[in-house]
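Some notes on the structure that comes next.
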Amino acid sequence: MKKFFIGFAFVSLLIAGVLSYFASGDPDGLDRTVEDTGIAQHAREHPLAGSTFADYALGGDDKFTGLAGVLGVVVVLALSFGLFWMLRKKSDVR
């Protein structure tokens, strides 16, 4: 089971760090539809738009997309591990 989690973490980090550079910066279908229908003109800026991880990049710089992905995976894995550790069933093995 331990090998599975190590492999899962490795593959997650690999995908976040490497494959994220191949993601398209063009708007997806939903963004395009919102722009074409005029709904976008009524949109307001999100309160966290200027935050560190906004737009899937560090500080808004596309060169750091992979690093932002890796840091996001590390944060999610750490939070998940902490939550599972707190909720684990304590066995009474002696």
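Every chain in the structure tokens takes a letter, A first, then B, and so on in the order presented; its residues are numbered from 1, and the ligands are numbered from 1 following the presented order.
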
Just list as number ranges by chain whatever in chain A DSSP marks as alpha helix (DSSP H). A: 2-17, 29-37, 65-87

Atoms kept (C-alpha atoms) for selection, written as a PDB file, in the first residue's frame:
```pdb
ATOM      1  CA  LYS A   2       2.899   2.326   0.783  1.00  0.00           C
ATOM      2  CA  LYS A   3       4.335   1.800  -2.726  1.00  0.00           C
ATOM      3  CA  PHE A   4       0.980   2.764  -4.211  1.00  0.00           C
ATOM      4  CA  PHE A   5       0.902   6.092  -2.378  1.00  0.00           C
ATOM      5  CA  ILE A   6       4.509   6.874  -3.267  1.00  0.00           C
ATOM      6  CA  GLY A   7       3.776   6.050  -6.911  1.00  0.00           C
ATOM      7  CA  PHE A   8       0.584   8.108  -6.817  1.00  0.00           C
ATOM      8  CA  ALA A   9       2.469  11.111  -5.414  1.00  0.00           C
ATOM      9  CA  PHE A  10       5.226  10.717  -8.012  1.00  0.00           C
ATOM     10  CA  VAL A  11       2.798  10.516 -10.949  1.00  0.00           C
ATOM     11  CA  SER A  12       0.777  13.464  -9.600  1.00  0.00           C
ATOM     12  CA  LEU A  13       3.902  15.589  -9.303  1.00  0.00           C
ATOM     13  CA  LEU A  14       5.070  14.533 -12.761  1.00  0.00           C
ATOM     14  CA  ILE A  15       1.750  15.435 -14.353  1.00  0.00           C
ATOM     15  CA  ALA A  16       1.546  18.766 -12.510  1.00  0.00           C
ATOM     16  CA  GLY A  17       5.164  19.705 -13.172  1.00  0.00           C
ATOM     17  CA  GLY A  29     -15.521  26.197 -24.556  1.00  0.00           C
ATOM     18  CA  LEU A  30     -17.205  27.714 -21.525  1.00  0.00           C
ATOM     19  CA  ASP A  31     -14.975  30.799 -21.532  1.00  0.00           C
ATOM     20  CA  ARG A  32     -15.487  31.218 -25.258  1.00  0.00           C
ATOM     21  CA  THR A  33     -19.273  30.958 -24.928  1.00  0.00           C
ATOM     22  CA  VAL A  34     -19.294  33.512 -22.110  1.00  0.00           C
ATOM     23  CA  GLU A  35     -17.258  35.894 -24.260  1.00  0.00           C
ATOM     24  CA  ASP A  36     -19.351  35.339 -27.416  1.00  0.00           C
ATOM     25  CA  THR A  37     -22.708  35.825 -25.678  1.00  0.00           C
ATOM     26  CA  THR A  65       2.835  27.066 -14.409  1.00  0.00           C
ATOM     27  CA  GLY A  66       4.575  23.759 -13.645  1.00  0.00           C
ATOM     28  CA  LEU A  67       5.897  24.999 -10.328  1.00  0.00           C
ATOM     29  CA  ALA A  68       2.439  26.231  -9.363  1.00  0.00           C
ATOM     30  CA  GLY A  69       1.076  22.789 -10.244  1.00  0.00           C
ATOM     31  CA  VAL A  70       3.727  21.023  -8.169  1.00  0.00           C
ATOM     32  CA  LEU A  71       3.104  23.289  -5.184  1.00  0.00           C
ATOM     33  CA  GLY A  72      -0.638  22.724  -5.541  1.00  0.00           C
ATOM     34  CA  VAL A  73      -0.146  18.949  -5.540  1.00  0.00           C
ATOM     35  CA  VAL A  74       2.129  19.166  -2.482  1.00  0.00           C
ATOM     36  CA  VAL A  75      -0.444  21.253  -0.606  1.00  0.00           C
ATOM     37  CA  VAL A  76      -3.317  18.899  -1.504  1.00  0.00           C
ATOM     38  CA  LEU A  77      -1.290  15.796  -0.597  1.00  0.00           C
ATOM     39  CA  ALA A  78      -0.206  17.345   2.712  1.00  0.00           C
ATOM     40  CA  LEU A  79      -3.774  18.353   3.609  1.00  0.00           C
ATOM     41  CA  SER A  80      -5.099  14.932   2.584  1.00  0.00           C
ATOM     42  CA  PHE A  81      -2.435  13.098   4.557  1.00  0.00           C
ATOM     43  CA  GLY A  82      -3.108  15.270   7.599  1.00  0.00           C
ATOM     44  CA  LEU A  83      -6.855  14.712   7.357  1.00  0.00           C
ATOM     45  CA  PHE A  84      -6.495  10.951   6.918  1.00  0.00           C
ATOM     46  CA  TRP A  85      -3.996  10.823   9.768  1.00  0.00           C
ATOM     47  CA  MET A  86      -6.411  12.656  12.088  1.00  0.00           C
ATOM     48  CA  LEU A  87      -9.363  10.466  11.074  1.00  0.00           C
TER      49      LEU A  87
END
```

Hey, which of A:Lys63, A:Ala54, A:Met1, A:His46 ends up closest to Phe22 of chain A? Count only C-alpha atoms. A:Lys63

Rounded to one decimal place, report the atom CA of Phe64 of chain A-atom CA of Ser20 of chain A distance in Å.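 Separating atom CA of Phe64 of chain A from atom CA of Ser20 of chain A is a distance of 9.8 Å.
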
In Å to one decimal, how far is atom CA of His42 of chain A from atom CA of Asp26 of chain A?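 Computing it gives 20.6 Å between the two atoms.
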
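Pairwise distance (atom CA of Ser51 of chain A, atom CA of Leu19 of chain A) equals 22.9 Å.
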